[in-house]
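K.L.:
Let me begin by handing over the structure; questions about it come next.
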Amino acid sequence: MIEDLKSVHSASPAIFQKLRAEIDKVMVNQKAAIEQLLVAILAGGHALLESNPGLAKTLLIKTTAMTTGLSYSRIQCTPDLMPADITGTTIIEEINGDKRFRFEPGPVFANIILADEINRASPKTQSALLEAMQEKQVTVGKKTYSLDMPFFVLATQNPIEMEGTFPLPEAQLDRFLLKIFMEYPSFEEEVEILERYTGKTEPTVQNVVSKEQILSLQQLCREVPVADDTKEDAVNIVLTTRNWEGVQYGASPRASIGLILSAKARAFVNGRNYLSKEDLHVMAYPVLRHRIILSFEAERKGLTRDQVITDILNSLNI
Amino acid sequence: MAASYEFPVYINNLNIAHNKFKFINWALNAAIITLILYAIFLLLGLPAFMSFYWQGFLALEYLPLIVSLIAGILLSTVIKNKRKENVLNLLTPELSEKTKAAYDNREIKSTLMDSLARDVTLALSKIDPSAILNWRQIRIRIISVVLLVLATVIIIQSQISADITPADFQSLSNLRDRALSIFQNDTQTQGKEFNLSGNIYGKPSLAVLSEEKIELMLYPGLGAGSRARSSEPVNRLFQQSEGNEVSIVPTELYIESMPAQNREIIKRYFELLATG
């Protein structure tokens, strides 16, 4: 196994380069979002993508799934979506006149799950995803089914059209390792998008990394050495969110774990064999922005969560 | 699995060089603080005061110097302990982060750690330990020490302490008298009885002359006898007085103290001495 890891490690820069090149065929810019999505996959966490409609959230997740050769399923969340529609259900099957129950797995039984517009699903259905996301298993009736590894839930939501939606509860938000923002493209980028998507053919991608390689990369990612003072910095960032003026509720210890794991993954994706403070700085935003709740005064002043995180990082000189 | 990497040896070499550097820094800081304090004491005239009153008591005579030295050592140690400088912080930011990560995980054997250890070993092997130390800091301190030594010597030579006015010692002098009165109670009692104390530097006493109060106390460094000053020879005019006739008047007391059989011999000796 060690030899396998060594060969995967030596091949990792080429793997990431190929992955990025494939995704870049479909996505125009959005470098930060692509990097953060890869980080979520390598750290074995779930990601919530948020942007205005039409900014290729779904396309990014679909493309990532296609390039990694992992099984992929999509759940289009609507208010009438039931938990069994996600987890699967037990059906009666008749074979040669003999009737028996059989479990029909739902879309959650895949490596990459795209939960599109997750905030449109009812709280009951959202909760069904909770066990799957946290425990990596599904319980139907009295039986528990383990999910295939690797397992990621990549959910999307848009911040507008809040009518008829069910905002995710804090407990469920905390289960997402990262909350990724996607920005509007620049003028040049939008022209490039037109070039790519209004011609005769649309760009296609191919699988450049195997499932085994993904699992090895995940294992390598956890091996990234971290200096003690960098760990302390991560904890300090999270602790500061709990005592910061303008923050009503700070981040949980799960945020500390998430910060180090995602920073490790970022270091690894960028070809480094150690965690740098820059990784902490960059990953603090997607790790913390959905884990802190601003006070009414802060919101009234027009402060955003990212601004608060910037202030915290500046105060800690990270 | 316990790991054995090569890079801790290089870190150890860096540490040894850094510790030597810190010791030199500490010693120079101690010297600077000692010299500054001693120079201040000299300007206040404390060494002159102490050596005047406590001559012979080495610990007290050199108290200002001893205090300066102890304060210098203590303050320098405090500064050293306050600046908990890690040798790894002296490396370039990237190498510093790498080396810290490697050092903190030196017990771990893994693919990533092997790779990091190789990188760190290669980078550290190219570093000369003395090159990362801030020798400019040491040079500045050495120059400061030399300048302070010169300044101290100049202060001593310029007899600045001799220009201190007696009033500067007033409070110290009072303190000393109080200490003496506590420790030398018996001696003082005997001194009063037989007038043997010989203490002309007693508590201030006043004399009234033409309705003017004049302080009679003598302070060290007040005038003649305290410190010799070089001066031009002065030609003074002396008036020759006429010689008076010598008459020998034996004192009763003196004669009486002599043995009776020798009185005549001694008397004749002095008569001969006077006439011859």
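Residues are named by chain letter and number: chains run A, B, ... in the order of the structure tokens, numbers start at 1 in each chain, and ligands are numbered from 1 in the order shown.
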For chain B, report every residue with an atom at most 6 Å from chain A (counting only C-alpha atoms), formatted as a PyMOL selection string.
P.N.:
chain B and resi 100-101+104+112+116
K.L.:
Fewer than 3 positions away in the same chain doesn't count, so skip those; otherwise give me all residues within 10 Å of Asp233 in chain A, counting only C-alpha atoms, as a list of chain:residue names.
P.N.:
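Counting only the stated atoms, we get A:Ala227, A:Asp228, A:Asp229, A:Thr230, A:Asn236, A:Ile237, A:Val238, A:Leu239, A:Ser256, A:Ile260, A:Lys277, A:Leu280, A:His281, A:Leu313, A:Leu316, A:Asn317, A:Ile318.
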K.L.:
Keeping only C-alpha atoms, write the selected residues as a short mmCIF file (atom, residue, chain, number, x, y, z; two decimals), in the first residue's frame.
P.N.:
data_model
loop_
_atom_site.label_atom_id
_atom_site.label_comp_id
_atom_site.auth_asym_id
_atom_site.auth_seq_id
_atom_site.Cartn_x
_atom_site.Cartn_y
_atom_site.Cartn_z
CA ALA A 227 3.39 22.35 12.24
CA ASP A 228 2.12 22.69 15.81
CA ASP A 229 1.87 26.47 15.61
CA THR A 230 -0.18 26.20 12.41
CA ASN A 236 -7.29 30.50 17.29
CA ILE A 237 -9.21 31.47 14.17
CA VAL A 238 -12.17 29.32 15.18
CA LEU A 239 -12.03 30.42 18.84
CA SER A 256 -11.32 23.51 13.35
CA ILE A 260 -7.08 21.84 8.93
CA LYS A 277 -0.39 29.61 6.75
CA LEU A 280 -5.32 28.44 6.39
CA HIS A 281 -5.95 31.98 5.22
CA LEU A 313 -7.66 36.89 10.08
CA LEU A 316 -4.57 37.28 14.19
CA ASN A 317 -2.02 38.26 11.53
CA ILE A 318 -2.71 35.15 9.47
#
K.L.:
Identify, on the basis of only C-alpha atoms, every residue whose closest approach to Phe181 in chain A does not exceed 7 Å; exclude the query and any residue fewer than 6 positions from it along the same chain; express the result as a list of chain:residue names.
P.N.:
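After dropping sequence-adjacent residues, the list is A:Ala33, A:Leu49, A:Glu50, A:Ser51.
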K.L.:
Between B:Ile132, B:Val9, B:Val87, B:Leu44, which residue has the minimum interatomic distance to Pro64 in chain B, considering only C-alpha atoms?
P.N.:
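Among the listed residues, B:Leu44 lies closest to Pro64 in chain B.
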K.L.:
Name the residues of range 99-215 of chain A that fall into strand (DSSP E) according to DSSP on the backbone, using the chain letters and numbers of this document, as a ChimeraX atom specification.
P.N.:
/A:99-105,112-116,137-140,143-146,152-157,178-181
K.L.:
Would you save the residues from that selection as a PDB file, in the first residue's frame, using N, CA and C atoms?
P.N.:
ATOM      1  N   LYS A  99     -43.294 -13.972  -3.803  1.00  0.00           N
ATOM      2  CA  LYS A  99     -43.210 -12.538  -3.530  1.00  0.00           C
ATOM      3  C   LYS A  99     -42.213 -12.293  -2.392  1.00  0.00           C
ATOM      4  N   ARG A 100     -41.330 -11.363  -2.597  1.00  0.00           N
ATOM      5  CA  ARG A 100     -40.371 -11.001  -1.524  1.00  0.00           C
ATOM      6  C   ARG A 100     -40.047  -9.510  -1.586  1.00  0.00           C
ATOM      7  N   PHE A 101     -39.575  -9.015  -0.444  1.00  0.00           N
ATOM      8  CA  PHE A 101     -39.192  -7.596  -0.384  1.00  0.00           C
ATOM      9  C   PHE A 101     -37.778  -7.425  -0.931  1.00  0.00           C
ATOM     10  N   ARG A 102     -37.618  -6.368  -1.641  1.00  0.00           N
ATOM     11  CA  ARG A 102     -36.276  -6.054  -2.164  1.00  0.00           C
ATOM     12  C   ARG A 102     -36.027  -4.553  -1.997  1.00  0.00           C
ATOM     13  N   PHE A 103     -34.797  -4.229  -1.592  1.00  0.00           N
ATOM     14  CA  PHE A 103     -34.461  -2.808  -1.397  1.00  0.00           C
ATOM     15  C   PHE A 103     -33.995  -2.206  -2.721  1.00  0.00           C
ATOM     16  N   GLU A 104     -34.650  -1.172  -3.095  1.00  0.00           N
ATOM     17  CA  GLU A 104     -34.279  -0.461  -4.330  1.00  0.00           C
ATOM     18  C   GLU A 104     -33.505   0.797  -3.937  1.00  0.00           C
ATOM     19  N   PRO A 105     -32.164   0.789  -4.134  1.00  0.00           N
ATOM     20  CA  PRO A 105     -31.373   1.953  -3.673  1.00  0.00           C
ATOM     21  C   PRO A 105     -31.783   3.242  -4.372  1.00  0.00           C
ATOM     22  N   ILE A 112     -20.753  10.558  -6.150  1.00  0.00           N
ATOM     23  CA  ILE A 112     -20.984  12.003  -6.108  1.00  0.00           C
ATOM     24  C   ILE A 112     -22.475  12.266  -6.246  1.00  0.00           C
ATOM     25  N   ILE A 113     -23.025  12.965  -5.271  1.00  0.00           N
ATOM     26  CA  ILE A 113     -24.452  13.293  -5.312  1.00  0.00           C
ATOM     27  C   ILE A 113     -24.576  14.796  -5.564  1.00  0.00           C
ATOM     28  N   LEU A 114     -25.287  15.126  -6.588  1.00  0.00           N
ATOM     29  CA  LEU A 114     -25.576  16.542  -6.806  1.00  0.00           C
ATOM     30  C   LEU A 114     -26.988  16.810  -6.281  1.00  0.00           C
ATOM     31  N   ALA A 115     -27.068  17.515  -5.175  1.00  0.00           N
ATOM     32  CA  ALA A 115     -28.375  17.877  -4.622  1.00  0.00           C
ATOM     33  C   ALA A 115     -28.661  19.296  -5.099  1.00  0.00           C
ATOM     34  N   ASP A 116     -29.355  19.364  -6.224  1.00  0.00           N
ATOM     35  CA  ASP A 116     -29.567  20.670  -6.851  1.00  0.00           C
ATOM     36  C   ASP A 116     -30.671  21.436  -6.130  1.00  0.00           C
ATOM     37  N   GLN A 137     -23.893   6.315   5.641  1.00  0.00           N
ATOM     38  CA  GLN A 137     -24.744   5.129   5.629  1.00  0.00           C
ATOM     39  C   GLN A 137     -26.206   5.566   5.588  1.00  0.00           C
ATOM     40  N   VAL A 138     -27.057   4.636   5.184  1.00  0.00           N
ATOM     41  CA  VAL A 138     -28.483   4.959   5.065  1.00  0.00           C
ATOM     42  C   VAL A 138     -29.270   3.878   5.798  1.00  0.00           C
ATOM     43  N   THR A 139     -30.255   4.278   6.585  1.00  0.00           N
ATOM     44  CA  THR A 139     -31.080   3.308   7.288  1.00  0.00           C
ATOM     45  C   THR A 139     -32.486   3.343   6.682  1.00  0.00           C
ATOM     46  N   VAL A 140     -32.899   2.202   6.175  1.00  0.00           N
ATOM     47  CA  VAL A 140     -34.248   2.091   5.612  1.00  0.00           C
ATOM     48  C   VAL A 140     -34.937   0.962   6.361  1.00  0.00           C
ATOM     49  N   LYS A 143     -32.993  -1.801   8.484  1.00  0.00           N
ATOM     50  CA  LYS A 143     -31.705  -2.193   7.930  1.00  0.00           C
ATOM     51  C   LYS A 143     -30.866  -0.971   7.574  1.00  0.00           C
ATOM     52  N   THR A 144     -29.561  -1.101   7.836  1.00  0.00           N
ATOM     53  CA  THR A 144     -28.638  -0.005   7.536  1.00  0.00           C
ATOM     54  C   THR A 144     -27.732  -0.412   6.370  1.00  0.00           C
ATOM     55  N   TYR A 145     -27.634   0.468   5.409  1.00  0.00           N
ATOM     56  CA  TYR A 145     -26.802   0.194   4.228  1.00  0.00           C
ATOM     57  C   TYR A 145     -25.634   1.169   4.200  1.00  0.00           C
ATOM     58  N   SER A 146     -24.443   0.616   4.018  1.00  0.00           N
ATOM     59  CA  SER A 146     -23.262   1.482   3.912  1.00  0.00           C
ATOM     60  C   SER A 146     -23.155   2.029   2.507  1.00  0.00           C
ATOM     61  N   PHE A 152     -19.534  11.963  -1.733  1.00  0.00           N
ATOM     62  CA  PHE A 152     -19.627  13.424  -1.552  1.00  0.00           C
ATOM     63  C   PHE A 152     -21.019  13.901  -1.881  1.00  0.00           C
ATOM     64  N   VAL A 153     -21.517  14.801  -1.071  1.00  0.00           N
ATOM     65  CA  VAL A 153     -22.747  15.498  -1.427  1.00  0.00           C
ATOM     66  C   VAL A 153     -22.332  16.913  -1.834  1.00  0.00           C
ATOM     67  N   LEU A 154     -22.578  17.213  -3.076  1.00  0.00           N
ATOM     68  CA  LEU A 154     -22.282  18.562  -3.559  1.00  0.00           C
ATOM     69  C   LEU A 154     -23.637  19.220  -3.844  1.00  0.00           C
ATOM     70  N   ALA A 155     -23.998  20.120  -2.964  1.00  0.00           N
ATOM     71  CA  ALA A 155     -25.332  20.715  -3.073  1.00  0.00           C
ATOM     72  C   ALA A 155     -25.235  22.129  -3.620  1.00  0.00           C
ATOM     73  N   THR A 156     -26.295  22.552  -4.258  1.00  0.00           N
ATOM     74  CA  THR A 156     -26.318  23.943  -4.741  1.00  0.00           C
ATOM     75  C   THR A 156     -27.532  24.651  -4.151  1.00  0.00           C
ATOM     76  N   GLN A 157     -27.412  25.938  -4.038  1.00  0.00           N
ATOM     77  CA  GLN A 157     -28.568  26.754  -3.681  1.00  0.00           C
ATOM     78  C   GLN A 157     -28.317  28.160  -4.199  1.00  0.00           C
ATOM     79  N   LEU A 178     -17.382  22.823   3.115  1.00  0.00           N
ATOM     80  CA  LEU A 178     -17.143  24.134   2.503  1.00  0.00           C
ATOM     81  C   LEU A 178     -18.426  24.732   1.951  1.00  0.00           C
ATOM     82  N   LYS A 179     -18.471  26.042   2.015  1.00  0.00           N
ATOM     83  CA  LYS A 179     -19.525  26.753   1.296  1.00  0.00           C
ATOM     84  C   LYS A 179     -18.798  27.583   0.234  1.00  0.00           C
ATOM     85  N   ILE A 180     -19.039  27.202  -1.018  1.00  0.00           N
ATOM     86  CA  ILE A 180     -18.282  27.811  -2.117  1.00  0.00           C
ATOM     87  C   ILE A 180     -19.146  28.852  -2.819  1.00  0.00           C
ATOM     88  N   PHE A 181     -18.572  30.031  -2.974  1.00  0.00           N
ATOM     89  CA  PHE A 181     -19.266  31.088  -3.712  1.00  0.00           C
ATOM     90  C   PHE A 181     -18.761  31.093  -5.156  1.00  0.00           C
TER      91      PHE A 181
END
K.L.:
Which residues, written as a list in words, have at least one atom at most 12 Å from Leu303 in chain A, with only C-alpha atoms counted and residues fewer than 4 positions away on the same chain left out?
P.N.:
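Here the qualifying residues turn out to be Glu245, Gly246, Val247, Ile293, Leu294, Ser295, Phe296, Glu297, Ala298, Glu299, Gln307, Val308, Ile309, Thr310 and Asp311 of chain A.
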K.L.:
Need the shell around Gly106 in chain A: protein/DNA/RNA residues with any atom at most 6 Å away, counting only C-alpha atoms. Skip same-chain ones fewer than 4 positions apart. Format as a list in words?
P.N.:
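Using only C-alpha atoms, the neighbours found are Ile86, Thr87 and Gly88 of chain A.
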K.L.:
Just the selected residues (C-alpha atoms), exported as a CSV table (one decimal), in the first residue's frame, please.
P.N.:
chain,number,residue,atom,x,y,z
A,86,ILE,CA,-33.4,10.0,-1.9
A,87,THR,CA,-32.5,7.0,0.2
A,88,GLY,CA,-34.4,4.3,-1.7
K.L.:
Which residues come within 7 Å of Met113 in chain B, counting only C-alpha atoms, excluding same-chain residues fewer than 4 positions away, as a list in words?
P.N.:
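So the residues in contact are Pro225 of chain A; Ala102, Lys109 and Ala117 of chain B.
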K.L.:
Could you write out the selected residues, including N, CA and C atoms, as a JSON list (two decimals), in the first residue's frame?
P.N.:
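As a result, part34.json now contains:
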[["chain", "number", "residue", "atom", "x", "y", "z"],
["A", 225, "PRO", "N", 1.99, 16.89, 6.55],
["A", 225, "PRO", "CA", 2.43, 17.31, 7.89],
["A", 225, "PRO", "C", 2.04, 18.75, 8.21],
["B", 102, "ALA", "N", 8.07, 19.76, 9.35],
["B", 102, "ALA", "CA", 8.86, 18.53, 9.37],
["B", 102, "ALA", "C", 9.30, 18.19, 10.79],
["B", 109, "LYS", "N", 6.17, 8.40, 10.25],
["B", 109, "LYS", "CA", 6.69, 7.85, 9.00],
["B", 109, "LYS", "C", 5.53, 7.78, 8.02],
["B", 117, "ALA", "N", 10.79, 15.53, 4.44],
["B", 117, "ALA", "CA", 12.09, 15.38, 5.11],
["B", 117, "ALA", "C", 13.23, 15.50, 4.10]]
K.L.:
Tell me, in Å to one decimal, how far CA of Ala32 in chain A is from CA of Ala11 in chain A.
P.N.:
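Separation between CA of Ala32 in chain A and CA of Ala11 in chain A: 22.8 Å.
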K.L.:
When you count only C-alpha atoms, which of these residues is closest to Asp306 in chain A: A:Ala284, A:Met27, A:Val191, A:Val205?
P.N.:
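The answer is A:Ala284, which sits nearest to Asp306 in chain A.
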K.L.:
So which residues of range 34-192 of chain A fall under alpha helix (DSSP H) by DSSP, listed as a ChimeraX atom specification?
P.N.:
/A:34-42,57-68,83-87,123-135,170-173,187-192
K.L.:
Can you tell me which residues surround Glu190 in chain A at a distance of at most 12 Å, considering only C-alpha atoms, apart from same-chain residues fewer than 6 positions away, and format the answer as an NGL selection string?
P.N.:
:A and (27-30 or 54-55 or 183-184 or 196-198)
K.L.:
Would you mind reading off the distance between CA of Ile61 in chain A and CA of His290 in chain A, one decimal, in Å?
P.N.:
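CA of Ile61 in chain A sits 19.6 Å away from CA of His290 in chain A.
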K.L.:
Hey, which of B:Leu180, B:Val149, B:Ala131, B:Leu75 ends up closest to Ile33 in chain B? Count only C-alpha atoms.
P.N.:
B:Leu75
K.L.:
Record the distance separating CA of Gln213 in chain A and CA of Gly258 in chain A, expressed in Å with one decimal.
P.N.:
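The value is 22.2 Å.
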